[in-house]
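Undergrad: Data file protein-v2.txt (compact mmCIF, C-alpha atoms and all ligand atoms) is appended below.
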```txt
# COMPACT_ATOMS: atom_id res chain seq x y z
CA MET M 1 -109.56 48.84 -36.80
CA PRO M 2 -108.58 48.99 -33.10
CA ARG M 3 -105.07 50.21 -32.47
CA GLU M 4 -102.68 47.64 -31.04
CA ALA M 5 -101.30 48.56 -27.60
CA SER M 6 -97.66 49.64 -27.74
CA PRO M 7 -95.09 47.48 -25.95
CA TRP M 8 -94.68 48.30 -22.26
CA VAL M 9 -91.71 49.89 -20.57
CA HIS M 10 -91.47 48.96 -16.88
CA PRO M 11 -90.04 51.12 -14.13
CA THR M 12 -86.76 50.21 -12.46
CA PRO M 13 -86.10 50.94 -8.78
CA ALA M 14 -84.20 54.04 -7.69
CA VAL M 15 -81.17 53.65 -5.44
CA GLU M 16 -82.32 52.70 -1.93
CA PRO M 17 -82.52 55.74 0.33
CA GLY M 18 -79.64 56.00 2.77
CA THR M 19 -77.18 54.20 0.48
CA GLU M 20 -73.63 55.38 1.00
CA SER M 21 -73.22 57.00 -2.41
CA GLY M 22 -76.05 59.40 -1.59
CA LEU M 23 -77.16 59.15 -5.23
CA ALA M 24 -80.80 58.68 -6.17
CA LEU M 25 -80.45 57.15 -9.65
CA HIS M 26 -78.44 54.19 -10.89
CA ALA M 27 -75.91 54.78 -13.66
CA GLU M 28 -78.10 52.85 -16.12
CA GLN M 29 -81.06 55.15 -15.42
CA VAL M 30 -78.88 58.20 -16.06
CA ARG M 31 -77.54 56.63 -19.25
CA SER M 32 -81.04 55.83 -20.48
CA TRP M 33 -82.18 59.43 -19.93
CA ARG M 34 -79.11 60.92 -21.59
CA GLU M 35 -79.12 58.61 -24.60
CA ASN M 36 -82.67 57.35 -24.99
CA GLY M 37 -84.43 60.41 -23.55
CA PHE M 38 -86.22 58.77 -20.64
CA ALA M 39 -85.77 57.09 -17.27
CA LEU M 40 -88.78 55.39 -15.70
CA VAL M 41 -88.09 55.07 -11.99
CA ASP M 42 -89.89 53.68 -8.95
CA GLY M 43 -89.32 54.23 -5.25
CA LEU M 44 -87.84 57.70 -5.38
CA PHE M 45 -90.31 58.98 -2.78
CA PRO M 46 -91.67 57.32 0.35
CA ALA M 47 -94.98 55.60 -0.51
CA GLU M 48 -96.66 57.49 2.33
CA LEU M 49 -95.72 60.84 0.73
CA VAL M 50 -97.15 59.81 -2.64
CA GLU M 51 -100.38 58.63 -1.00
CA ARG M 52 -100.67 61.90 0.89
CA ALA M 53 -100.06 63.93 -2.29
CA ARG M 54 -102.91 62.11 -3.99
CA ALA M 55 -105.22 62.41 -1.00
CA GLU M 56 -104.54 66.14 -0.66
CA SER M 57 -105.00 66.87 -4.38
CA ALA M 58 -107.85 64.66 -5.57
CA PRO M 59 -110.64 66.37 -3.58
CA LEU M 60 -109.78 69.70 -5.24
CA PHE M 61 -110.67 68.34 -8.70
CA PRO M 62 -113.95 67.06 -10.17
CA ALA M 63 -114.79 63.49 -9.18
CA ALA M 64 -114.28 60.67 -11.68
CA GLY M 65 -117.33 60.27 -13.87
CA SER M 66 -118.93 63.54 -12.71
CA PRO M 67 -120.53 65.93 -15.22
CA GLU M 68 -117.80 68.48 -14.34
CA SER M 69 -115.09 66.02 -15.33
CA GLU M 70 -116.49 65.94 -18.89
CA ALA M 71 -115.41 69.58 -19.21
CA VAL M 72 -111.77 68.92 -18.22
CA THR M 73 -110.26 68.58 -21.65
CA ASP M 74 -106.68 69.77 -21.28
CA TYR M 75 -103.54 69.76 -19.20
CA GLY M 76 -103.39 71.66 -15.91
CA SER M 77 -105.11 72.58 -12.68
CA LYS M 78 -106.53 75.92 -13.85
CA GLY M 79 -104.16 77.64 -11.46
CA ILE M 80 -105.47 76.07 -8.26
CA MET M 81 -102.59 73.65 -7.78
CA GLU M 82 -99.64 75.50 -9.24
CA PHE M 83 -96.58 75.51 -6.98
CA PRO M 84 -96.60 76.52 -4.15
CA THR M 85 -99.80 74.56 -3.64
CA PRO M 86 -102.15 74.17 -0.68
CA SER M 87 -100.95 70.54 -0.45
CA ASP M 88 -97.88 70.17 1.77
CA ALA M 89 -97.14 66.80 0.20
CA ILE M 90 -97.09 68.20 -3.34
CA ASN M 91 -94.73 70.96 -2.18
CA GLU M 92 -92.57 68.46 -0.33
CA ILE M 93 -92.28 66.28 -3.43
CA THR M 94 -91.37 69.31 -5.55
CA LEU M 95 -88.35 70.13 -3.39
CA HIS M 96 -87.58 66.59 -2.21
CA PRO M 97 -83.81 66.07 -1.86
CA ARG M 98 -84.01 62.72 -3.71
CA LEU M 99 -85.78 64.35 -6.64
CA LEU M 100 -83.35 67.27 -6.76
CA GLY M 101 -80.49 64.80 -6.52
CA ALA M 102 -81.87 62.75 -9.42
CA VAL M 103 -82.28 65.82 -11.62
CA SER M 104 -78.79 67.00 -10.76
CA GLN M 105 -77.43 63.59 -11.80
CA LEU M 106 -79.29 63.72 -15.12
CA LEU M 107 -78.18 67.23 -16.03
CA GLY M 108 -74.70 66.83 -14.54
CA VAL M 109 -74.88 70.07 -12.54
CA ARG M 110 -74.99 70.89 -8.84
CA VAL M 111 -78.43 71.06 -7.19
CA ARG M 112 -77.61 74.72 -6.57
CA ASP M 113 -77.53 75.22 -10.32
CA LEU M 114 -81.07 73.89 -10.89
CA ARG M 115 -84.16 76.08 -11.15
CA LEU M 116 -87.76 74.96 -10.78
CA THR M 117 -89.97 76.14 -13.64
CA GLN M 118 -93.06 73.94 -13.29
CA SER M 119 -94.78 71.93 -10.59
CA GLU M 120 -98.46 71.15 -10.76
CA PRO M 121 -100.64 68.12 -10.20
CA TRP M 122 -103.43 67.73 -12.76
CA PRO M 123 -106.19 65.26 -13.46
CA LYS M 124 -107.16 63.45 -16.62
CA TYR M 125 -110.52 61.72 -17.00
CA GLY M 126 -111.75 58.89 -19.17
CA ARG M 127 -114.54 60.85 -20.82
CA GLN M 128 -117.44 59.87 -23.05
CA ARG M 129 -117.13 62.90 -25.33
CA ARG M 130 -114.24 64.83 -26.87
CA ALA M 131 -115.72 68.13 -25.69
CA ALA M 132 -112.82 70.26 -26.94
CA GLY M 133 -112.81 68.77 -30.44
CA ARG M 134 -109.49 69.48 -32.14
CA LEU M 135 -108.02 70.72 -28.85
CA ASP M 136 -109.11 67.73 -26.76
CA ASN M 137 -106.33 65.94 -24.82
CA GLN M 138 -107.99 62.51 -24.45
CA ASP M 139 -106.09 60.98 -27.38
CA GLN M 140 -103.16 63.27 -28.07
CA ARG M 141 -101.11 63.63 -31.21
CA MET M 142 -97.46 62.68 -30.83
CA HIS M 143 -95.67 65.83 -29.68
CA VAL M 144 -92.69 67.33 -27.92
CA ASP M 145 -93.21 69.66 -24.94
CA TYR M 146 -90.62 72.34 -25.67
CA PRO M 147 -92.81 74.79 -27.63
CA ASN M 148 -94.54 76.17 -24.54
CA HIS M 149 -91.55 75.84 -22.21
CA THR M 150 -88.79 77.59 -24.12
CA LEU M 151 -88.38 80.67 -26.28
CA THR M 152 -85.86 78.78 -28.40
CA HIS M 153 -85.47 75.11 -29.38
CA PRO M 154 -83.84 72.55 -27.08
CA ALA M 155 -80.06 72.70 -27.37
CA ASP M 156 -78.11 69.86 -29.01
CA TRP M 157 -79.13 66.49 -27.61
CA ASP M 158 -75.90 66.02 -25.65
CA SER M 159 -76.22 69.40 -23.91
CA PRO M 160 -79.55 68.91 -22.12
CA GLU M 161 -81.02 72.00 -20.50
CA ALA M 162 -84.01 70.69 -18.58
CA VAL M 163 -85.64 67.62 -17.08
CA GLU M 164 -89.40 67.19 -17.21
CA ILE M 165 -91.12 64.71 -14.94
CA LEU M 166 -94.47 62.94 -14.79
CA LEU M 167 -94.96 61.51 -11.31
CA TYR M 168 -97.95 59.16 -11.41
CA PHE M 169 -100.27 58.78 -8.43
CA ASP M 170 -102.20 55.82 -9.93
CA ALA M 171 -101.57 52.38 -11.33
CA VAL M 172 -101.99 52.19 -15.09
CA GLU M 173 -104.05 49.00 -14.65
CA ASP M 174 -106.65 51.05 -12.78
CA CYS M 175 -106.93 54.10 -15.01
CA GLY M 176 -105.63 53.03 -18.43
CA GLY M 177 -104.42 55.83 -20.71
CA ALA M 178 -100.73 54.93 -20.58
CA THR M 179 -98.42 57.73 -21.68
CA GLU M 180 -96.67 56.71 -24.88
CA PHE M 181 -93.20 57.83 -25.93
CA VAL M 182 -90.64 57.17 -28.64
CA PRO M 183 -87.28 56.12 -27.14
CA ARG M 184 -84.37 57.66 -29.01
CA SER M 185 -82.34 54.81 -30.44
CA GLY M 186 -79.06 56.74 -30.74
CA PRO M 187 -77.40 59.70 -32.44
CA ASP M 188 -78.64 58.64 -35.89
CA ASP M 189 -82.28 58.12 -34.94
CA PRO M 190 -84.31 59.74 -37.75
CA ALA M 191 -87.10 60.67 -35.29
CA TYR M 192 -84.65 62.90 -33.44
CA ARG M 193 -82.78 64.46 -36.32
CA GLY M 194 -83.59 68.13 -35.68
CA PRO M 195 -85.00 70.62 -35.92
CA LEU M 196 -88.02 69.09 -34.20
CA VAL M 197 -90.73 71.06 -35.96
CA ARG M 198 -92.77 68.37 -37.70
CA THR M 199 -95.71 68.74 -35.37
CA PRO M 200 -98.92 70.80 -35.18
CA GLY M 201 -98.49 74.25 -33.65
CA LEU M 202 -95.02 74.82 -35.06
CA ALA M 203 -93.46 76.28 -38.17
CA GLY M 204 -96.68 77.61 -39.66
CA LEU M 205 -98.85 74.64 -38.72
CA GLU M 206 -102.03 75.12 -36.69
CA PHE M 207 -102.22 73.71 -33.18
CA VAL M 208 -104.34 70.55 -33.04
CA ASN M 209 -104.15 68.26 -29.98
CA ASP M 210 -106.45 65.36 -30.89
CA ARG M 211 -104.52 62.64 -32.68
CA THR M 212 -107.02 61.76 -35.40
CA GLN M 213 -107.75 65.35 -36.28
CA ALA M 214 -104.09 66.38 -36.10
CA GLU M 215 -102.94 63.66 -38.47
CA ALA M 216 -105.85 64.33 -40.84
CA TYR M 217 -104.99 68.03 -40.87
CA LEU M 218 -101.31 67.30 -41.54
CA HIS M 219 -102.28 64.88 -44.27
CA GLU M 220 -104.07 67.74 -45.97
CA VAL M 221 -101.64 70.64 -45.53
CA ALA M 222 -98.27 68.89 -45.16
CA PRO M 223 -98.57 65.28 -46.38
CA ASP M 224 -94.81 64.71 -46.18
CA ILE M 225 -94.92 65.49 -42.46
CA ALA M 226 -97.94 63.23 -41.91
CA GLN M 227 -96.11 60.41 -43.68
CA TRP M 228 -92.92 61.02 -41.73
CA ARG M 229 -94.84 60.87 -38.44
CA ALA M 230 -96.71 57.74 -39.50
CA ALA M 231 -93.43 56.03 -40.38
CA ASN M 232 -91.11 57.32 -37.64
CA LEU M 233 -93.17 58.09 -34.56
CA TYR M 234 -96.38 56.12 -33.97
CA PRO M 235 -95.08 52.64 -34.82
CA ARG M 236 -92.18 53.06 -32.42
CA ALA M 237 -94.22 54.18 -29.41
CA ARG M 238 -93.73 52.47 -26.04
CA SER M 239 -96.24 52.58 -23.16
CA VAL M 240 -95.41 53.69 -19.63
CA GLN M 241 -96.22 51.00 -17.07
CA HIS M 242 -96.75 52.87 -13.83
CA ARG M 243 -97.93 52.43 -10.28
CA PRO M 244 -98.35 55.12 -7.65
CA GLY M 245 -94.96 56.78 -7.23
CA SER M 246 -93.51 55.84 -10.63
CA ALA M 247 -91.70 58.81 -12.17
CA LEU M 248 -91.09 59.28 -15.88
CA PHE M 249 -88.05 61.51 -16.30
CA TYR M 250 -88.08 62.83 -19.84
CA ARG M 251 -87.06 65.86 -21.84
CA HIS M 252 -88.64 68.71 -23.71
CA ASP M 253 -87.37 67.08 -26.91
CA LEU M 254 -88.82 63.60 -26.38
CA TRP M 255 -91.71 62.53 -28.63
CA HIS M 256 -94.65 61.39 -26.49
CA ARG M 257 -98.42 61.60 -26.10
CA GLY M 258 -101.32 60.92 -23.74
CA THR M 259 -103.73 58.13 -24.72
CA PRO M 260 -107.42 57.62 -23.82
CA LEU M 261 -108.16 56.67 -20.22
CA ARG M 262 -110.59 53.94 -19.28
CA PRO M 263 -114.12 55.43 -19.45
CA GLY M 264 -115.15 56.86 -16.08
CA ALA M 265 -111.59 56.67 -14.66
CA MET M 266 -109.50 59.49 -13.23
CA ARG M 267 -105.73 59.72 -13.30
CA LEU M 268 -103.78 62.16 -11.20
CA LEU M 269 -100.15 62.99 -11.78
CA GLN M 270 -97.68 65.68 -10.87
CA ASN M 271 -95.87 67.42 -13.70
CA MET M 272 -92.57 69.11 -12.90
CA THR M 273 -89.70 70.72 -14.78
CA PHE M 274 -86.26 71.78 -13.61
CA ARG M 275 -83.91 73.72 -15.87
CA ARG M 276 -80.25 74.60 -15.64
CA ALA M 277 -79.82 78.00 -13.99
CA ASP M 278 -78.04 79.32 -17.07
CA CYS M 279 -80.91 78.51 -19.47
CA GLU M 280 -83.02 81.61 -18.97
CA TRP M 281 -84.90 81.04 -22.20
CA ILE M 282 -86.82 78.24 -20.49
CA SER M 283 -89.75 80.04 -18.86
CA THR M 284 -91.39 79.51 -15.50
CA LEU M 285 -94.87 78.22 -16.30
CA HIS M 286 -96.56 79.56 -13.20
CA GLN M 287 -97.03 82.98 -11.64
CA GLY M 288 -93.66 82.92 -9.92
CA TRP M 289 -92.64 82.11 -6.40
CA ALA M 290 -92.39 85.67 -5.07
CA TRP M 291 -95.98 86.33 -6.12
CA ALA M 292 -97.08 83.73 -3.58
CA MET M 293 -95.16 85.37 -0.70
CA TYR M 294 -98.20 87.45 0.28
CA ARG M 295 -100.63 84.53 0.53
CA PRO M 296 -102.31 84.50 3.94
CA SER M 297 -101.22 80.88 4.42
CA LYS M 298 -97.56 82.05 4.25
CA VAL M 299 -96.81 78.74 2.50
CA MET M 300 -94.14 80.26 0.27
CA VAL M 301 -92.45 82.25 3.02
CA LYS M 302 -92.22 79.12 5.14
CA LEU M 303 -90.89 76.98 2.30
CA LEU M 304 -88.15 79.53 1.76
CA ALA M 305 -87.32 80.19 5.38
CA LEU M 306 -87.35 76.57 6.50
CA GLY M 307 -85.90 75.00 3.34
CA SER M 308 -82.28 73.98 2.87
CA VAL M 309 -79.75 76.16 1.06
CA GLU M 310 -80.11 73.81 -1.94
CA GLN M 311 -83.91 74.00 -1.98
CA ARG M 312 -83.78 77.79 -1.82
CA CYS M 313 -81.38 77.87 -4.77
CA VAL M 314 -83.82 75.80 -6.81
CA LEU M 315 -86.36 78.59 -6.22
CA GLY M 316 -83.85 81.20 -7.39
CA PHE M 317 -82.71 82.43 -3.97
CA PRO M 318 -79.02 83.50 -4.14
CA GLU M 319 -76.61 80.91 -2.81
CA PRO M 320 -74.08 81.66 -0.05
CA GLY M 321 -71.18 83.60 -1.53
CA HIS M 322 -73.29 85.11 -4.32
CA ALA M 323 -72.46 88.73 -5.21
CA TYR M 324 -75.96 89.69 -4.06
CA TRP M 325 -74.89 89.25 -0.44
CA THR M 326 -73.46 92.34 1.25
CA ARG M 327 -73.63 93.52 4.84
CA GLY M 328 -76.76 95.44 3.89
CA SER M 329 -78.61 92.65 2.05
CA LEU M 330 -77.73 90.09 4.74
CA ASP M 331 -79.28 92.31 7.39
CA ALA M 332 -82.31 93.12 5.26
CA VAL M 333 -83.11 89.53 4.31
CA ARG M 334 -82.56 88.50 7.92
CA ALA M 335 -85.10 91.15 8.97
CA ARG M 336 -87.60 89.80 6.45
CA LEU M 337 -87.19 86.05 6.92
CA GLU M 338 -85.72 85.36 10.37
CA PRO M 339 -89.13 85.78 12.01
CA TRP M 340 -90.18 82.75 9.93
CA GLY M 341 -87.28 80.64 11.11
CA MET M 342 -84.66 81.42 8.46
CA ASP M 343 -81.11 80.56 9.48
CA MET M 344 -78.77 83.10 7.88
CA ALA M 345 -75.61 81.39 9.12
CA PRO M 346 -74.53 79.83 5.78
CA TYR M 347 -74.87 83.20 4.06
CA GLU M 348 -73.10 85.07 6.88
CA GLU M 349 -70.31 82.53 6.91
CA ALA M 350 -69.66 82.69 3.17
CA TRP M 351 -69.74 86.49 3.34
CA SER M 352 -67.25 86.65 6.19
CA GLN M 353 -64.89 84.47 4.15
CA ARG M 354 -65.30 86.43 0.93
CA PRO M 355 -62.11 87.33 -0.90
CA ALA M 356 -61.04 90.97 -0.74
CA ALA M 357 -62.74 92.96 -3.49
CA PRO M 358 -60.37 93.87 -6.30
CA PRO M 359 -59.77 97.63 -6.67
CA GLY M 360 -61.63 99.59 -9.37
CA PRO M 361 -60.04 100.17 -12.79
CA ASP M 362 -58.27 103.37 -11.63
CA GLY M 363 -56.94 101.71 -8.48
CA SER M 364 -59.67 103.21 -6.27
CA PRO M 365 -61.29 100.95 -3.70
CA ALA M 366 -64.19 98.84 -5.02
CA PHE M 367 -67.79 99.90 -4.39
CA ASP M 368 -68.37 97.26 -1.74
CA GLN M 369 -65.37 98.44 0.24
CA LEU M 370 -66.50 102.07 0.03
CA ARG M 371 -69.94 101.09 1.23
CA GLU M 372 -68.48 99.26 4.21
CA GLU M 373 -66.22 102.19 5.00
CA ASN M 374 -69.25 104.50 4.82
CA ALA M 375 -71.26 102.24 7.11
CA ARG M 376 -68.38 102.25 9.63
CA LEU M 377 -68.10 106.05 9.52
CA ARG M 378 -71.86 106.41 9.94
CA GLU M 379 -71.76 104.21 13.01
CA GLU M 380 -68.89 106.21 14.50
CA LEU M 381 -70.74 109.44 13.80
CA SER M 382 -73.94 108.31 15.47
CA ALA M 383 -71.96 107.06 18.48
CA LEU M 384 -70.32 110.50 18.74
CA ARG M 385 -73.71 112.19 18.43
CA ALA M 386 -75.17 110.00 21.14
CA ARG M 387 -72.27 110.82 23.43
CA LEU M 388 -72.69 114.55 22.77
CA GLU M 389 -76.42 114.42 23.44
CA ASP M 390 -75.92 112.38 26.61
CA GLY M 391 -73.10 114.66 27.79
CA PRO M 392 -74.95 117.59 29.41
CA ARG M 393 -77.47 115.34 31.10
CA ALA M 394 -74.77 113.11 32.51
CA GLY M 395 -72.74 116.10 33.73
O1 LIG M 401 -101.39 62.54 -20.41
C1 LIG M 401 -100.27 62.07 -20.62
O2 LIG M 401 -99.98 60.91 -20.37
C2 LIG M 401 -99.24 62.95 -21.26
C3 LIG M 401 -99.65 64.38 -21.25
C4 LIG M 401 -98.82 65.26 -22.12
O3 LIG M 401 -97.92 64.84 -22.76
C5 LIG M 401 -99.10 66.70 -22.21
O4 LIG M 401 -100.15 67.15 -21.74
O5 LIG M 401 -98.27 67.41 -22.77
FE FE M 402 -96.62 66.43 -23.42
```
Let me see whether you can do it: turn the structure in this file into structure tokens.

TA:
Amino acid sequence: MPREASPWVHPTPAVEPGTESGLALHAEQVRSWRENGFALVDGLFPAELVERARAESAPLFPAAGSPESEAVTDYGSKGIMEFPTPSDAINEITLHPRLLGAVSQLLGVRVRDLRLTQSEPWPKYGRQRRAAGRLDNQDQRMHVDYPNHTLTHPADWDSPEAVEILLYFDAVEDCGGATEFVPRSGPDDPAYRGPLVRTPGLAGLEFVNDRTQAEAYLHEVAPDIAQWRAANLYPRARSVQHRPGSALFYRHDLWHRGTPLRPGAMRLLQNMTFRRADCEWISTLHQGWAWAMYRPSKVMVKLLALGSVEQRCVLGFPEPGHAYWTRGSLDAVRARLEPWGMDMAPYEEAWSQRPAAPPGPDGSPAFDQLREENARLREELSALRARLEDGPRAG
């Protein structure tokens, strides 16, 4: 019996750029994310940027309908498009002030207190075969994303730690395969009464991605879980209606799944996650930003040097006024990054206005002060030496 399509959820427009409030999301979008677990938003990015991101990414992946595409059976870009990517547009989207602003609104923290942990465009294809069998992602089982993002379990619903995003580069009418999700109805929603472990891959259950095989497996080994999912998750699914540039803001604890694309179609989207700086148990999915600093393209060095203070913070760079900054580290980082255009002024300024260091426990001057005093004495000494050495020649 063919499955009935789930009811659609349509995107709502973001705040117009340049509006006085400077905010990116409307209050209702923030409320929906905080209470119902999702906000589906249009118009966050300029259309031109979204088009460019697609144009710069698509050629790096197998073409729609190609034999190679039949072998792409899971999430990801196989490393080739992990942030920082060869596509300027993908990188620009990742650190776009409107996106960072939206995430900061959702989590209720400053942009400086956000950290990027995932940014990667990846393709999905409407394939003839389910080449990966139980692990195939064409028709996914209902799942939550937290198991491979965090070492723990998402904190209580009202203390969200991270925002995950699917930014679509296609219209759902063209590619099919709408993402489905289960909106949380409120604090008493049985689907969201934790712990969220009634899913393959967790709590002793094997990992199975394919919906049919996952539910059959659960039916066999944990029939109560299969029944619970059949009653509480699948019937309540809603489908994401998207066009290029629509962004689904969701959470690591939102039930959702990918559904089969139209045969022969390709869908490209950019997956991103930002966590709160204090949630270290949420891992960075990629190799890490410093690892990319040696790339011949210098893409990472430039992003860091030419980015804003906020954008650098999102990559883990210490903010102005952070204890990392001392006379020594300011000079050293300047030496490393100024040749690439880095402006150290905000860091210098915060340092020059730093409060006096409190004395050590025994009343002795603090380490920082001693270091400064040492540096001053060293300078005096070398000036004296220079004068002594110059002396005889001058005289
Ligand atoms: O393909 C989709 O629409 C959703 C993908 C997804 O949820 C996942 O890969 O974890
Ligand atoms: Fe997912």

Undergrad: Around ligand LIG 401 (chain M), fit a box with edges along x, y and z, padding it by 3 Å on each side, then list its centre and edge lengths in Å to one decimal as lines of an AutoDock Vina configuration file.

TA:
```
center_x = -99.7
center_y = 64.2
center_z = -21.6
size_x = 9.5
size_y = 12.5
size_z = 8.4
```

Undergrad: Excluding same-chain residues fewer than 3 positions from segment 181-187 of chain M, what lies within 7 Å of it counting only C-alpha atoms, as an MDAnalysis selection string?

TA: chainID M and resid 35:37 192 233 236:239 255:257

Undergrad: For ligand FE 402 (chain M), collect every residue having any atom at a distance of at most 12 Å from a ligand atom (counting all atoms listed in the file); output as a PyMOL selection string.

TA: chain M and resi 74-76+137+139-149+164-166+179-181+209+248+250-259+271-273

Undergrad: Rank nothing, just name the residue among M:Ser308, M:Gln138, M:Ser329, M:Ser32 nearest to ligand LIG 401 (chain M), using only C-alpha atoms and all ligand atoms.

TA: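 So, comparing all the options, the nearest one is M:Gln138.
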
Undergrad: Nearest to Ile90 of chain M among M:Arg112, M:Arg54, M:His322, M:Arg385, with distances taken over all atoms listed in the file: which residue is it?

TA: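 Looking only at the distances to Ile90 of chain M, the closest residue turns out to be M:Arg54.
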
Undergrad: Would you mind telling me which residue in M:Val299, M:Val240, M:Leu377, M:Ala191 lies nearest to ligand LIG 401 (chain M) when using all atoms listed in the file?

TA: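 With all atoms listed in the file as the atom set, the closest residue is M:Val240.
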